[in-house]
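Pasting input31.cif here (mmCIF, C-alpha atoms):
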data_protein
loop_
_atom_site.group_PDB
_atom_site.id
_atom_site.type_symbol
_atom_site.label_atom_id
_atom_site.label_comp_id
_atom_site.auth_asym_id
_atom_site.auth_seq_id
_atom_site.Cartn_x
_atom_site.Cartn_y
_atom_site.Cartn_z
ATOM 1 C CA LYS S 48 120.542 92.312 45.344
ATOM 2 C CA LEU S 49 124.117 92.280 44.039
ATOM 3 C CA MET S 50 124.435 88.611 44.911
ATOM 4 C CA ALA S 51 121.063 87.829 43.317
ATOM 5 C CA GLY S 52 122.012 89.720 40.135
ATOM 6 C CA GLU S 53 119.324 92.396 40.432
ATOM 7 C CA LEU S 54 121.942 95.158 40.680
ATOM 8 C CA GLN S 55 125.176 95.541 38.726
ATOM 9 C CA PRO S 56 128.309 96.662 40.595
ATOM 10 C CA SER S 57 129.716 100.099 39.783
ATOM 11 C CA LEU S 58 133.241 98.761 40.289
ATOM 12 C CA GLY S 59 134.568 95.231 39.934
ATOM 13 C CA ASP S 60 132.896 92.098 38.656
ATOM 14 C CA ILE S 61 130.595 89.422 40.094
ATOM 15 C CA ARG S 62 131.130 86.072 38.397
ATOM 16 C CA PRO S 63 129.038 83.299 39.937
ATOM 17 C CA HIS S 64 129.451 79.654 39.029
ATOM 18 C CA GLY S 65 127.514 78.541 36.027
ATOM 19 C CA HIS S 66 125.650 75.827 37.944
ATOM 20 C CA LEU S 67 125.017 77.954 41.056
ATOM 21 C CA LYS S 68 121.413 77.914 42.257
ATOM 22 C CA MET S 69 120.275 80.616 44.680
ATOM 23 C CA GLY S 70 117.058 80.735 46.670
ATOM 24 C CA ARG S 71 115.732 84.002 47.973
ATOM 25 C CA PHE S 72 113.088 84.938 50.520
ATOM 26 C CA THR S 73 112.099 88.595 50.659
ATOM 27 C CA GLN S 74 109.670 90.557 52.765
ATOM 28 C CA HIS S 75 107.606 91.207 49.639
ATOM 29 C CA PHE S 76 106.694 87.661 48.664
ATOM 30 C CA VAL S 77 104.065 89.114 46.317
ATOM 31 C CA ASP S 78 106.873 89.343 43.771
ATOM 32 C CA VAL S 79 107.299 85.545 43.918
ATOM 33 C CA LEU S 80 103.710 84.279 44.204
ATOM 34 C CA ASP S 81 100.747 84.653 41.863
ATOM 35 C CA LEU S 82 98.035 85.559 44.362
ATOM 36 C CA GLU S 83 95.249 84.767 41.878
ATOM 37 C CA MET S 84 96.237 81.072 41.949
ATOM 38 C CA THR S 85 95.906 78.408 44.601
ATOM 39 C CA PRO S 86 99.041 76.815 46.104
ATOM 40 C CA LEU S 87 98.389 73.611 44.137
ATOM 41 C CA GLU S 88 97.931 75.516 40.871
ATOM 42 C CA PHE S 89 101.101 77.504 41.553
ATOM 43 C CA PHE S 90 103.159 74.343 42.165
ATOM 44 C CA GLU S 91 101.714 72.621 39.091
ATOM 45 C CA LYS S 92 102.754 75.637 37.027
ATOM 46 C CA MET S 93 106.247 75.823 38.552
ATOM 47 C CA TYR S 94 106.921 72.074 38.568
ATOM 48 C CA PRO S 95 104.903 70.416 35.788
ATOM 49 C CA GLY S 96 104.894 66.676 35.474
ATOM 50 C CA THR S 97 104.798 65.997 39.224
ATOM 51 C CA PRO S 98 101.851 63.806 40.285
ATOM 52 C CA TYR S 99 98.977 65.600 41.959
ATOM 53 C CA GLU S 100 99.220 63.592 45.169
ATOM 54 C CA GLU S 101 102.960 64.275 45.458
ATOM 55 C CA GLN S 102 102.295 68.011 45.211
ATOM 56 C CA ARG S 103 99.744 67.803 48.000
ATOM 57 C CA LYS S 104 102.062 65.792 50.243
ATOM 58 C CA TYR S 105 104.950 68.190 49.711
ATOM 59 C CA LEU S 106 102.839 71.273 50.550
ATOM 60 C CA GLY S 107 101.509 69.489 53.622
ATOM 61 C CA ARG S 108 105.057 69.120 54.980
ATOM 62 C CA PHE S 109 105.237 72.941 55.217
ATOM 63 C CA GLY S 110 101.873 73.356 56.960
ATOM 64 C CA VAL S 111 99.881 74.061 53.775
ATOM 65 C CA SER S 112 97.257 71.340 53.986
ATOM 66 C CA GLY S 113 93.558 70.684 53.621
ATOM 67 C CA SER S 114 91.356 73.345 52.074
ATOM 68 C CA MET S 115 94.266 75.791 52.195
ATOM 69 C CA GLN S 116 95.792 74.043 49.177
ATOM 70 C CA VAL S 117 92.793 74.815 46.939
ATOM 71 C CA GLN S 118 92.161 78.357 48.223
ATOM 72 C CA LYS S 119 93.387 81.393 46.329
ATOM 73 C CA MET S 120 96.527 82.803 47.886
ATOM 74 C CA LYS S 121 95.092 86.317 48.005
ATOM 75 C CA GLU S 122 92.625 84.952 50.577
ATOM 76 C CA LEU S 123 95.384 83.384 52.718
ATOM 77 C CA SER S 124 97.122 85.119 55.594
ATOM 78 C CA ASP S 125 100.685 86.437 55.303
ATOM 79 C CA GLY S 126 102.001 83.591 57.425
ATOM 80 C CA GLN S 127 100.333 80.997 55.178
ATOM 81 C CA CYS S 128 101.773 82.654 52.058
ATOM 82 C CA SER S 129 105.203 82.626 53.719
ATOM 83 C CA ARG S 130 104.910 78.860 54.110
ATOM 84 C CA VAL S 131 104.196 78.514 50.384
ATOM 85 C CA VAL S 132 107.395 80.472 49.648
ATOM 86 C CA PHE S 133 109.420 78.249 52.001
ATOM 87 C CA ALA S 134 107.954 75.191 50.271
ATOM 88 C CA LYS S 135 109.140 76.612 46.934
ATOM 89 C CA LEU S 136 112.638 77.239 48.331
ATOM 90 C CA GLY S 137 112.815 73.674 49.558
ATOM 91 C CA ARG S 138 111.662 72.335 46.206
ATOM 92 C CA ASP S 139 114.304 74.348 44.307
ATOM 93 C CA THR S 140 117.171 72.852 46.431
ATOM 94 C CA PRO S 141 119.432 75.933 46.129
ATOM 95 C CA HIS S 142 123.125 76.096 46.980
ATOM 96 C CA ILE S 143 122.860 79.496 48.705
ATOM 97 C CA LEU S 144 119.871 80.886 50.600
ATOM 98 C CA LEU S 145 119.222 84.616 50.886
ATOM 99 C CA LEU S 146 116.723 85.232 53.698
ATOM 100 C CA ASP S 147 115.554 88.801 54.305
ATOM 101 C CA GLU S 148 113.490 89.056 57.524
ATOM 102 C CA PRO S 149 111.954 85.588 57.181
ATOM 103 C CA THR S 150 110.218 85.695 60.595
ATOM 104 C CA ASN S 151 107.967 88.696 59.997
ATOM 105 C CA HIS S 152 104.769 86.661 59.678
ATOM 106 C CA LEU S 153 105.730 83.469 61.511
ATOM 107 C CA ASP S 154 104.624 82.237 64.909
ATOM 108 C CA MET S 155 107.067 80.884 67.495
ATOM 109 C CA GLU S 156 106.683 77.256 66.425
ATOM 110 C CA SER S 157 107.417 78.176 62.816
ATOM 111 C CA ILE S 158 110.462 80.218 63.893
ATOM 112 C CA ASP S 159 111.845 77.226 65.799
ATOM 113 C CA ALA S 160 111.212 74.977 62.798
ATOM 114 C CA LEU S 161 113.002 77.483 60.543
ATOM 115 C CA ALA S 162 115.975 77.564 62.931
ATOM 116 C CA ASP S 163 116.213 73.751 62.827
ATOM 117 C CA ALA S 164 116.078 73.790 59.009
ATOM 118 C CA VAL S 165 118.782 76.472 58.808
ATOM 119 C CA ASN S 166 121.076 74.503 61.129
ATOM 120 C CA ASP S 167 120.593 71.352 59.024
ATOM 121 C CA PHE S 168 121.205 73.197 55.732
ATOM 122 C CA ASP S 169 124.562 72.266 54.170
ATOM 123 C CA GLY S 170 124.784 75.168 51.712
ATOM 124 C CA GLY S 171 125.570 78.848 52.150
ATOM 125 C CA LEU S 172 123.248 81.218 53.982
ATOM 126 C CA VAL S 173 122.875 84.974 54.143
ATOM 127 C CA LEU S 174 120.364 85.913 56.836
ATOM 128 C CA VAL S 175 119.066 89.383 57.632
ATOM 129 C CA SER S 176 116.910 89.365 60.754
ATOM 130 C CA HIS S 177 116.128 91.297 63.918
ATOM 131 C CA ASP S 178 114.433 88.363 65.603
ATOM 132 C CA MET S 179 116.390 87.397 68.717
ATOM 133 C CA ARG S 180 114.668 84.023 68.886
ATOM 134 C CA LEU S 181 116.028 83.037 65.471
ATOM 135 C CA ILE S 182 119.447 84.650 65.791
ATOM 136 C CA SER S 183 120.167 83.034 69.143
ATOM 137 C CA GLN S 184 119.599 79.591 67.599
ATOM 138 C CA VAL S 185 121.520 79.954 64.326
ATOM 139 C CA ALA S 186 124.345 82.463 64.977
ATOM 140 C CA LYS S 187 127.676 80.789 65.755
ATOM 141 C CA GLU S 188 129.941 83.849 65.773
ATOM 142 C CA ILE S 189 129.401 87.579 66.138
ATOM 143 C CA TRP S 190 131.502 89.952 64.085
ATOM 144 C CA ILE S 191 131.538 93.650 64.992
ATOM 145 C CA CYS S 192 132.013 95.872 61.959
ATOM 146 C CA ASP S 193 132.873 99.361 63.196
ATOM 147 C CA ASN S 194 135.389 102.098 62.360
ATOM 148 C CA LYS S 195 136.379 100.293 59.147
ATOM 149 C CA THR S 196 137.469 97.230 61.108
ATOM 150 C CA VAL S 197 136.040 93.754 61.712
ATOM 151 C CA GLU S 198 136.447 92.107 65.114
ATOM 152 C CA VAL S 199 135.167 88.833 66.471
ATOM 153 C CA TYR S 200 133.037 89.319 69.575
ATOM 154 C CA LYS S 201 133.811 86.943 72.432
ATOM 155 C CA GLY S 202 130.442 85.887 73.742
ATOM 156 C CA ASP S 203 126.981 84.939 72.589
ATOM 157 C CA ILE S 204 124.206 87.138 71.239
ATOM 158 C CA GLN S 205 122.729 87.722 74.695
ATOM 159 C CA ASN S 206 126.043 89.030 76.049
ATOM 160 C CA PHE S 207 126.356 91.271 73.007
ATOM 161 C CA LYS S 208 122.904 92.709 73.550
ATOM 162 C CA MET S 209 123.536 93.431 77.223
ATOM 163 C CA ALA S 210 126.842 95.112 76.323
ATOM 164 C CA MET S 211 124.994 97.336 73.852
ATOM 165 C CA ARG S 212 122.476 98.211 76.543
ATOM 166 C CA ALA S 213 125.246 99.220 78.917
ATOM 167 C CA GLN S 214 126.925 101.294 76.204
ATOM 168 C CA MET S 215 123.674 103.125 75.476
ATOM 169 C CA GLY S 216 123.075 103.837 79.176
ATOM 170 C CA ILE S 217 120.171 101.455 79.590
ATOM 171 C CA ASP S 218 119.897 99.693 82.931
ATOM 172 C CA ASP S 219 117.281 98.198 85.210
ATOM 173 C CA GLY S 220 116.491 101.107 87.479
ATOM 174 C CA GLY S 221 118.141 104.144 85.892
ATOM 175 C CA SER S 222 120.829 104.364 88.602
ATOM 176 C CA GLY S 223 123.730 103.954 86.204
ATOM 177 C CA GLY S 224 124.599 102.696 82.771
ATOM 178 C CA SER S 225 127.762 100.819 83.659
ATOM 179 C CA SER S 226 126.075 97.491 84.320
ATOM 180 C CA GLY S 227 123.732 95.792 81.900
ATOM 181 C CA GLY S 228 121.556 94.024 84.433
ATOM 182 C CA GLY S 229 118.636 91.835 83.474
ATOM 183 C CA LEU S 230 116.672 92.212 80.292
ATOM 184 C CA ARG S 231 113.497 94.185 80.870
ATOM 185 C CA GLY S 232 112.406 95.097 77.339
ATOM 186 C CA ASP S 233 110.064 98.084 77.217
ATOM 187 C CA ALA S 234 110.507 98.693 80.949
ATOM 188 C CA SER S 235 114.151 99.752 80.402
ATOM 189 C CA VAL S 236 115.204 103.246 81.414
ATOM 190 C CA GLN S 237 117.688 105.176 79.312
ATOM 191 C CA GLN S 238 119.733 107.901 81.009
ATOM 192 C CA LYS S 239 120.445 111.149 79.260
ATOM 193 C CA GLY S 240 124.121 111.918 79.777
ATOM 194 C CA GLY S 241 124.829 115.177 81.563
ATOM 195 C CA ALA S 242 121.186 116.119 81.853
ATOM 196 C CA SER S 243 121.072 115.698 85.630
ATOM 197 C CA LYS S 244 124.449 117.216 86.552
ATOM 198 C CA GLY S 245 124.249 120.442 88.549
ATOM 199 C CA VAL S 246 120.507 120.658 88.206
ATOM 200 C CA THR S 247 118.330 120.449 91.286
ATOM 201 C CA SER S 248 114.835 119.326 90.656
ATOM 202 C CA LYS S 249 112.057 121.299 92.286
ATOM 203 C CA PRO S 250 110.042 119.391 94.833
ATOM 204 C CA LYS S 251 106.621 118.557 93.599
ATOM 205 C CA PRO S 252 103.723 120.002 95.567
ATOM 206 C CA PRO S 253 101.766 117.396 97.463
ATOM 207 C CA GLU S 254 98.825 116.118 95.571
ATOM 208 C CA PRO S 255 95.440 116.806 97.182
ATOM 209 C CA LYS S 256 93.990 113.755 98.794
ATOM 210 C CA LEU S 257 90.323 113.003 98.870
ATOM 211 C CA GLU S 258 89.148 112.442 102.422
ATOM 212 C CA VAL S 259 85.939 110.550 102.930
ATOM 213 C CA ILE S 260 84.023 111.397 106.136
ATOM 214 C CA ALA S 261 81.545 108.811 107.302
ATOM 215 C CA PRO S 262 78.093 110.253 108.220
ATOM 216 C CA LYS S 263 77.131 110.301 111.893
ATOM 217 C CA LYS S 264 74.498 107.882 113.043
ATOM 218 C CA VAL S 265 71.259 109.657 114.126
ATOM 219 C CA VAL S 266 69.200 107.665 116.598
ATOM 220 C CA SER S 267 65.654 108.895 117.221
ATOM 221 C CA ASP S 268 63.858 108.774 120.569
ATOM 222 C CA ASP S 269 61.417 106.205 119.220
ATOM 223 C CA ALA S 270 64.228 103.951 118.204
ATOM 224 C CA THR S 271 65.839 104.374 121.626
ATOM 225 C CA THR S 272 62.589 103.647 123.361
ATOM 226 C CA THR S 273 61.963 100.649 121.180
ATOM 227 C CA THR S 274 65.437 99.357 121.783
ATOM 228 C CA THR S 275 65.131 99.862 125.511
ATOM 229 C CA THR S 276 61.739 98.192 125.622
ATOM 230 C CA THR S 277 62.978 95.281 123.596
ATOM 231 C CA THR S 278 65.990 94.895 125.802
ATOM 232 C CA THR S 279 63.897 95.083 128.959
ATOM 233 C CA SER S 280 61.366 92.610 127.670
ATOM 234 C CA SER S 281 64.076 90.258 126.524
ATOM 235 C CA SER S 282 65.850 90.522 129.883
ATOM 236 C CA SER S 283 62.631 90.039 131.786
ATOM 237 C CA SER S 284 61.681 87.079 129.647
ATOM 238 C CA SER S 285 65.071 85.563 130.205
ATOM 239 C CA SER S 286 64.800 86.077 133.994
ATOM 240 C CA SER S 287 61.244 84.703 134.071
ATOM 241 C CA THR S 288 62.356 81.740 132.091
ATOM 242 C CA THR S 289 65.050 80.939 134.590
ATOM 243 C CA THR S 290 62.688 81.354 137.664
ATOM 244 C CA PHE S 291 59.484 79.814 136.298
ATOM 245 C CA ASP S 292 56.998 78.660 139.002
ATOM 246 C CA THR S 293 53.831 76.816 137.959
ATOM 247 C CA ASP S 294 52.056 77.236 141.334
ATOM 248 C CA LEU S 295 52.475 80.992 141.239
ATOM 249 C CA LEU S 296 51.137 81.056 137.701
ATOM 250 C CA LYS S 297 47.990 79.132 138.706
ATOM 251 C CA LYS S 298 47.284 81.550 141.563
ATOM 252 C CA ASN S 299 47.478 84.556 139.260
ATOM 253 C CA LEU S 300 45.109 83.071 136.709
ATOM 254 C CA PRO S 301 41.440 84.348 136.905
ATOM 255 C CA GLU S 302 38.806 82.016 138.317
ATOM 256 C CA GLU S 303 36.733 80.025 135.895
ATOM 257 C CA ARG S 304 33.141 81.177 135.456
ATOM 258 C CA THR S 305 30.331 79.207 133.920
ATOM 259 C CA ILE S 306 28.125 81.198 131.598
ATOM 260 C CA ALA S 307 24.557 79.994 131.397
ATOM 261 C CA PRO S 308 22.928 79.866 127.965
ATOM 262 C CA PRO S 309 20.330 82.612 127.340
ATOM 263 C CA THR S 310 16.692 81.588 127.941
ATOM 264 C CA ALA S 311 13.970 82.673 125.588
ATOM 265 C CA PRO S 312 11.216 84.875 127.236
ATOM 266 C CA PRO S 313 7.599 83.675 127.179
ATOM 267 C CA PRO S 314 5.537 84.772 124.177
ATOM 268 C CA SER S 315 3.207 86.931 126.198
ATOM 269 C CA ALA S 316 6.001 88.913 127.778
ATOM 270 C CA THR S 317 7.607 89.409 124.389
ATOM 271 C CA THR S 318 4.380 90.715 122.910
ATOM 272 C CA ALA S 319 3.759 93.063 125.799
ATOM 273 C CA THR S 320 7.259 94.426 125.671
ATOM 274 C CA SER S 321 7.076 95.002 121.951
ATOM 275 C CA SER S 322 3.653 96.780 122.174
ATOM 276 C CA ALA S 323 4.634 99.074 125.032
ATOM 277 C CA PRO S 324 6.302 102.246 123.854
ATOM 278 C CA PRO S 325 9.923 102.572 124.822
ATOM 279 C CA LYS S 326 10.724 105.015 127.546
ATOM 280 C CA GLY S 327 12.201 108.348 126.608
ATOM 281 C CA ARG S 328 11.106 108.204 122.990
ATOM 282 C CA TYR S 329 8.812 110.814 121.427
ATOM 283 C CA ILE S 330 5.708 109.395 119.783
ATOM 284 C CA PRO S 331 3.408 111.645 117.707
ATOM 285 C CA PRO S 332 -0.240 111.992 118.958
ATOM 286 C CA HIS S 333 -1.835 110.226 115.983
ATOM 287 C CA LEU S 334 0.415 107.215 116.571
ATOM 288 C CA ARG S 335 -0.303 107.186 120.278
ATOM 289 C CA LYS S 336 -4.075 106.663 119.628
ATOM 290 C CA LYS S 337 -3.352 103.764 117.316
ATOM 291 C CA MET S 338 -1.031 102.146 119.823
ATOM 292 C CA GLN S 339 -3.480 102.579 122.719
ATOM 293 C CA GLY S 340 -6.443 101.285 120.691
#
Would you write out, as structure tokens, the structure that this file holds?
Amino acid sequence: KLMAGELQPSLGDIRPHGHLKMGRFTQHFVDVLDLEMTPLEFFEKMYPGTPYEEQRKYLGRFGVSGSMQVQKMKELSDGQCSRVVFAKLGRDTPHILLLDEPTNHLDMESIDALADAVNDFDGGLVLVSHDMRLISQVAKEIWICDNKTVEVYKGDIQNFKMAMRAQMGIDDGGSGGSSGGGLRGDASVQQKGGASKGVTSKPKPPEPKLEVIAPKKVVSDDATTTTTTTTTSSSSSSSSTTTFDTDLLKKNLPEERTIAPPTAPPPSATTATSSAPPKGRYIPPHLRKKMQG
């Protein structure tokens, strides 16, 4: 903010060049953009006189294309609004860029594109970022400012990070903080110095285990009998199949008998049989007289 002129120094003077142009990207890009306007309307207000098609082409180079150009910026995502701010910075052609956490709302492809643009920029740059992907691509030297001194670190950003991990007591398995080891992120284990010296940890009681007992198989007598019968029949059928004798089978077959068709009795016999009273049946006296007459 001192470099941008928003704050005045309590001691000393800041005298920038009269023709110095500075571009600034902040985390709160709401201060730069008018969210009630579309990107095209915002650029026409900031840079009047530029043809409409040229405005559209320039916004499209920063990923603001299509219907996004005519949509109100309050309806756009934070990453899309960040691209509008970067397009404005590029249009202003500043001599010094002040970038405060520019990767907060960017995806990996946009971060790589920003790193390429920063490396190709010929002016001055002040970058504040915690993004390792961006820093590893743009940082050329590492200066350590500590104890009122400034020293140049011999190594790249990855070596510096691993050295900080070793200094903080972070390692791969928690066995010691002297070696940095591989980067494990959230899986890192930080040792608490002196916490484990002279202290014996109590053994943990064994956790109860759930034992599953399979039920015993209950076989009923009927099932046993059925199984035995089936086995016997199957074994007998298999043995009979192997020793099949057609002559023996013909001998065991019953002899053929011819059954004569029933003959109808003569009419007289039928009438006599039907009129005679059946034996062993009680007939009342009044019916007997009618039958005998």
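Once Arg138 (chain S) and its same-chain neighbours fewer than 4 positions away are set aside, S:Lys68, S:Gly70, S:Phe90, S:Met93, S:Tyr94, S:Thr97, S:Glu101, S:Gln102, S:Tyr105, S:Leu106, S:Arg108, S:Phe109, S:Val131, S:Val132, S:Phe133, S:Ala134 remain within 12 Å of it when counting all atoms listed in the file.
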Preceding selection exported with C-alpha atoms as a PDB file, in the frame of the given file:
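Saved as out07.pdb:
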ATOM      1  CA  LYS S  68     121.413  77.914  42.257  1.00  0.00           C
ATOM      2  CA  GLY S  70     117.058  80.735  46.670  1.00  0.00           C
ATOM      3  CA  PHE S  90     103.159  74.343  42.165  1.00  0.00           C
ATOM      4  CA  MET S  93     106.247  75.823  38.552  1.00  0.00           C
ATOM      5  CA  TYR S  94     106.921  72.074  38.568  1.00  0.00           C
ATOM      6  CA  THR S  97     104.798  65.997  39.224  1.00  0.00           C
ATOM      7  CA  GLU S 101     102.960  64.275  45.458  1.00  0.00           C
ATOM      8  CA  GLN S 102     102.295  68.011  45.211  1.00  0.00           C
ATOM      9  CA  TYR S 105     104.950  68.190  49.711  1.00  0.00           C
ATOM     10  CA  LEU S 106     102.839  71.273  50.550  1.00  0.00           C
ATOM     11  CA  ARG S 108     105.057  69.120  54.980  1.00  0.00           C
ATOM     12  CA  PHE S 109     105.237  72.941  55.217  1.00  0.00           C
ATOM     13  CA  VAL S 131     104.196  78.514  50.384  1.00  0.00           C
ATOM     14  CA  VAL S 132     107.395  80.472  49.648  1.00  0.00           C
ATOM     15  CA  PHE S 133     109.420  78.249  52.001  1.00  0.00           C
ATOM     16  CA  ALA S 134     107.954  75.191  50.271  1.00  0.00           C
TER      17      ALA S 134
END
Legend entry - Minimum-distance residue to Ala160 (chain S), chosen among S:Leu54, S:Arg71, S:Asp60, S:Gly110 (using all atoms listed in the file):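 Smallest separation from Ala160 (chain S) among the options: S:Gly110.
Straight-line separation from CA of Trp190 (chain S) to CA of Ala51 (chain S): 23.3 Å.
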Inset, instruction - Decode the PyMOL selection byres ((chain S and resi 178) around 12) for the given file into explicit residues and return them as a ChimeraX atom specification. - result: /S:147-155,158-159,162,174-177,179-186,204
Export, as an mmCIF file, in the coordinates of the input, the selected residues with C-alpha atoms.
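Writing done, so here's again.cif:
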data_model
loop_
_atom_site.group_PDB
_atom_site.id
_atom_site.type_symbol
_atom_site.label_atom_id
_atom_site.label_comp_id
_atom_site.auth_asym_id
_atom_site.auth_seq_id
_atom_site.Cartn_x
_atom_site.Cartn_y
_atom_site.Cartn_z
ATOM 1 C CA ASP S 147 115.554 88.801 54.305
ATOM 2 C CA GLU S 148 113.490 89.056 57.524
ATOM 3 C CA PRO S 149 111.954 85.588 57.181
ATOM 4 C CA THR S 150 110.218 85.695 60.595
ATOM 5 C CA ASN S 151 107.967 88.696 59.997
ATOM 6 C CA HIS S 152 104.769 86.661 59.678
ATOM 7 C CA LEU S 153 105.730 83.469 61.511
ATOM 8 C CA ASP S 154 104.624 82.237 64.909
ATOM 9 C CA MET S 155 107.067 80.884 67.495
ATOM 10 C CA ILE S 158 110.462 80.218 63.893
ATOM 11 C CA ASP S 159 111.845 77.226 65.799
ATOM 12 C CA ALA S 162 115.975 77.564 62.931
ATOM 13 C CA LEU S 174 120.364 85.913 56.836
ATOM 14 C CA VAL S 175 119.066 89.383 57.632
ATOM 15 C CA SER S 176 116.910 89.365 60.754
ATOM 16 C CA HIS S 177 116.128 91.297 63.918
ATOM 17 C CA MET S 179 116.390 87.397 68.717
ATOM 18 C CA ARG S 180 114.668 84.023 68.886
ATOM 19 C CA LEU S 181 116.028 83.037 65.471
ATOM 20 C CA ILE S 182 119.447 84.650 65.791
ATOM 21 C CA SER S 183 120.167 83.034 69.143
ATOM 22 C CA GLN S 184 119.599 79.591 67.599
ATOM 23 C CA VAL S 185 121.520 79.954 64.326
ATOM 24 C CA ALA S 186 124.345 82.463 64.977
ATOM 25 C CA ILE S 204 124.206 87.138 71.239
#
Inset, instruction - List, as a ChimeraX atom specification, every residue that the PyMOL selection byres ((chain S and resi 61) around 9) selects in the file provided. - result: /S:49-50,52,55-56,59-60,62-63
Inset, instruction - Would you mind telling me which residue in S:Thr140, S:Gln214, S:Gln74, S:Ser114 lies nearest to Gly126 (chain S) when using all atoms listed in the file? - result: S:Gln74
Legend entry - CA of Phe207 (chain S) to CA of Glu188 (chain S), straight-line distance in Å: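 Those two atoms sit 11.0 Å apart.
Between CA of Cys128 (chain S) and CA of Val165 (chain S) lies a distance of 19.3 Å.
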Contacts of Leu67 (chain S) at 10 Å (all atoms listed in the file; same-chain gap of 2+ positions) as a tab-separated table (two decimals) with C-alpha atoms, keeping the file's coordinate frame:
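part_36.tsv was written with the following content:
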chain	number	residue	atom	x	y	z
S	63	PRO	CA	129.04	83.30	39.94
S	64	HIS	CA	129.45	79.65	39.03
S	65	GLY	CA	127.51	78.54	36.03
S	69	MET	CA	120.28	80.62	44.68
S	141	PRO	CA	119.43	75.93	46.13
S	142	HIS	CA	123.12	76.10	46.98
S	143	ILE	CA	122.86	79.50	48.70
Inset, instruction - Apply the PyMOL selection byres ((chain S and resi 199) around 6) to the file shown and report the selected residues as a list in words. - result: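 Answer for the PyMOL selection byres ((chain S and resi 199) around 6): Ile189, Trp190, Glu198 and Tyr200 of chain S.
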Inset, instruction - Point out the residue among S:Arg130, S:Leu123, S:Ile217, S:Met209 with the least atom-to-atom distance to Leu161 (chain S), counting all atoms listed in the file. - result: S:Arg130
